[in-house]
$ cat protein25.cif   # mmCIF, C-alpha atoms
data_entry
loop_
_atom_site.group_PDB
_atom_site.id
_atom_site.type_symbol
_atom_site.label_atom_id
_atom_site.label_comp_id
_atom_site.auth_asym_id
_atom_site.auth_seq_id
_atom_site.Cartn_x
_atom_site.Cartn_y
_atom_site.Cartn_z
ATOM 1 C CA MET A 1078 168.523 79.346 44.101
ATOM 2 C CA LYS A 1079 167.843 81.399 47.212
ATOM 3 C CA GLU A 1080 167.042 78.304 49.291
ATOM 4 C CA GLU A 1081 170.331 76.679 48.201
ATOM 5 C CA ILE A 1082 172.225 79.836 49.184
ATOM 6 C CA LYS A 1083 170.515 79.915 52.585
ATOM 7 C CA LYS A 1084 171.393 76.252 53.142
ATOM 8 C CA ALA A 1085 175.030 76.917 52.167
ATOM 9 C CA ILE A 1086 175.181 79.880 54.579
ATOM 10 C CA LEU A 1087 173.779 77.816 57.448
ATOM 11 C CA ASP A 1088 176.138 74.915 56.676
ATOM 12 C CA PHE A 1089 179.074 77.328 56.740
ATOM 13 C CA ALA A 1090 177.878 78.958 59.974
ATOM 14 C CA GLU A 1091 177.471 75.582 61.694
ATOM 15 C CA THR A 1092 180.824 74.143 60.601
ATOM 16 C CA SER A 1093 182.979 77.279 60.777
ATOM 17 C CA LYS A 1094 185.723 77.217 63.408
ATOM 18 C CA LYS A 1095 184.789 80.779 64.304
ATOM 19 C CA THR A 1096 181.450 81.716 65.803
ATOM 20 C CA LYS A 1097 181.442 85.101 64.056
ATOM 21 C CA PHE A 1098 182.474 85.722 60.494
ATOM 22 C CA TYR A 1099 182.739 88.459 57.910
ATOM 23 C CA PHE A 1100 180.482 88.646 54.879
ATOM 24 C CA LYS A 1101 183.478 88.023 52.588
ATOM 25 C CA ASP A 1102 184.231 84.712 54.347
ATOM 26 C CA MET A 1103 180.596 83.660 54.094
ATOM 27 C CA GLU A 1104 180.512 84.719 50.429
ATOM 28 C CA LYS A 1105 183.604 82.609 49.595
ATOM 29 C CA ALA A 1106 182.129 79.565 51.352
ATOM 30 C CA VAL A 1107 178.827 79.892 49.473
ATOM 31 C CA GLN A 1108 180.620 80.345 46.149
ATOM 32 C CA LYS A 1109 182.633 77.154 46.745
ATOM 33 C CA VAL A 1110 179.330 75.250 46.848
ATOM 34 C CA LEU A 1111 177.426 77.443 44.376
ATOM 35 C CA PRO A 1112 179.941 79.090 42.011
ATOM 36 C CA ASN A 1113 177.208 81.047 40.203
ATOM 37 C CA ALA A 1114 175.911 82.739 43.369
ATOM 38 C CA LYS A 1115 176.219 86.513 43.131
ATOM 39 C CA SER A 1116 177.265 88.691 46.042
ATOM 40 C CA ARG A 1117 173.910 90.477 46.077
ATOM 41 C CA GLU A 1118 171.962 87.180 46.190
ATOM 42 C CA ILE A 1119 174.103 85.985 49.103
ATOM 43 C CA LYS A 1120 173.538 89.267 50.961
ATOM 44 C CA LYS A 1121 169.751 89.012 50.430
ATOM 45 C CA ALA A 1122 169.709 85.392 51.626
ATOM 46 C CA ALA A 1123 171.748 86.338 54.726
ATOM 47 C CA THR A 1124 169.319 89.173 55.486
ATOM 48 C CA GLU A 1125 166.387 86.755 55.205
ATOM 49 C CA LEU A 1126 168.109 84.363 57.630
ATOM 50 C CA ILE A 1127 168.552 87.254 60.061
ATOM 51 C CA ASN A 1128 164.875 88.171 59.706
ATOM 52 C CA GLU A 1129 163.964 84.519 60.324
ATOM 53 C CA GLY A 1130 166.046 84.563 63.510
ATOM 54 C CA LYS A 1131 168.577 81.961 62.335
ATOM 55 C CA LEU A 1132 171.520 84.334 61.938
ATOM 56 C CA ILE A 1133 172.409 87.439 63.925
ATOM 57 C CA TYR A 1134 174.412 90.560 63.224
ATOM 58 C CA PHE A 1135 177.353 91.237 65.490
ATOM 59 C CA SER A 1136 178.735 94.743 65.364
ATOM 60 C CA THR A 1137 182.241 95.468 66.581
ATOM 61 C CA GLY A 1138 181.719 99.183 66.083
ATOM 62 C CA SER A 1139 183.863 99.422 62.982
ATOM 63 C CA THR A 1140 182.532 96.406 61.125
ATOM 64 C CA THR A 1141 179.529 94.113 61.067
ATOM 65 C CA MET A 1142 179.954 90.379 61.362
ATOM 66 C CA TYR A 1143 177.477 87.543 61.135
ATOM 67 C CA GLY A 1144 176.928 84.693 63.541
ATOM 68 C CA LEU A 1145 174.682 81.691 63.998
ATOM 69 C CA LYS A 1146 172.082 82.458 66.636
ATOM 70 C CA GLY A 1147 172.807 80.501 69.823
ATOM 71 C CA ARG A 1148 176.398 79.642 68.878
ATOM 72 C CA GLY A 1149 179.212 81.346 70.783
ATOM 73 C CA GLN A 1150 178.890 84.411 72.967
ATOM 74 C CA THR A 1151 176.491 86.958 71.585
ATOM 75 C CA GLU A 1152 174.669 89.964 72.942
ATOM 76 C CA ASP A 1153 171.294 88.234 72.945
ATOM 77 C CA HIS A 1154 172.214 85.633 75.583
#
$ encode --input "protein25.cif" --output "structure tokens"
Amino acid sequence: MKEEIKKAILDFAETSKKTKFYFKDMEKAVQKVLPNAKSREIKKAATELINEGKLIYFSTGSTTMYGLKGRGQTEDH
């Protein structure tokens, strides 16, 4: 299940019109593909993708967003 969630997250990140997105948006996109995916499982999968270097956190100060590493303007460029 976790691998399917990770794939759904990456698919969403690659096809999203925005380069940065909120967890809620990512959660909705994953649940469209995998309706049984729980919020906690999605969060764990997203954290693994960040640890693997595929996703990055983007903090605006008041909120944390996610982004696909290498897509759009990010602090690590």
$ residues_around --input "protein25.cif" --residues "Thr1141 (chain A)" --least-positions-apart "4" --cutoff "9 Å" --atoms "all atoms listed in the file" --output "VMD selection string"
chain A and resid 1098 to 1100 1134 to 1137
$ closest_residue --input "protein25.cif" --among "A:Glu1081, A:Lys1121, A:Ala1106, A:Met1142" --to "Ser1093 (chain A)" --atoms "all atoms listed in the file"
A:Ala1106
$ resolve_selection --input "protein25.cif" --expression "the PyMOL selection byres ((chain A and resi 1078) around 12)" --output "VMD selection string"
chain A and resid 1079 to 1085 1107 1110 to 1115 1118 to 1119 1121 to 1122
$ atom_distance --input "protein25.cif" --atom1 "CA of Gly1130 (chain A)" --atom2 "CA of Phe1089 (chain A)"
16.4 Å
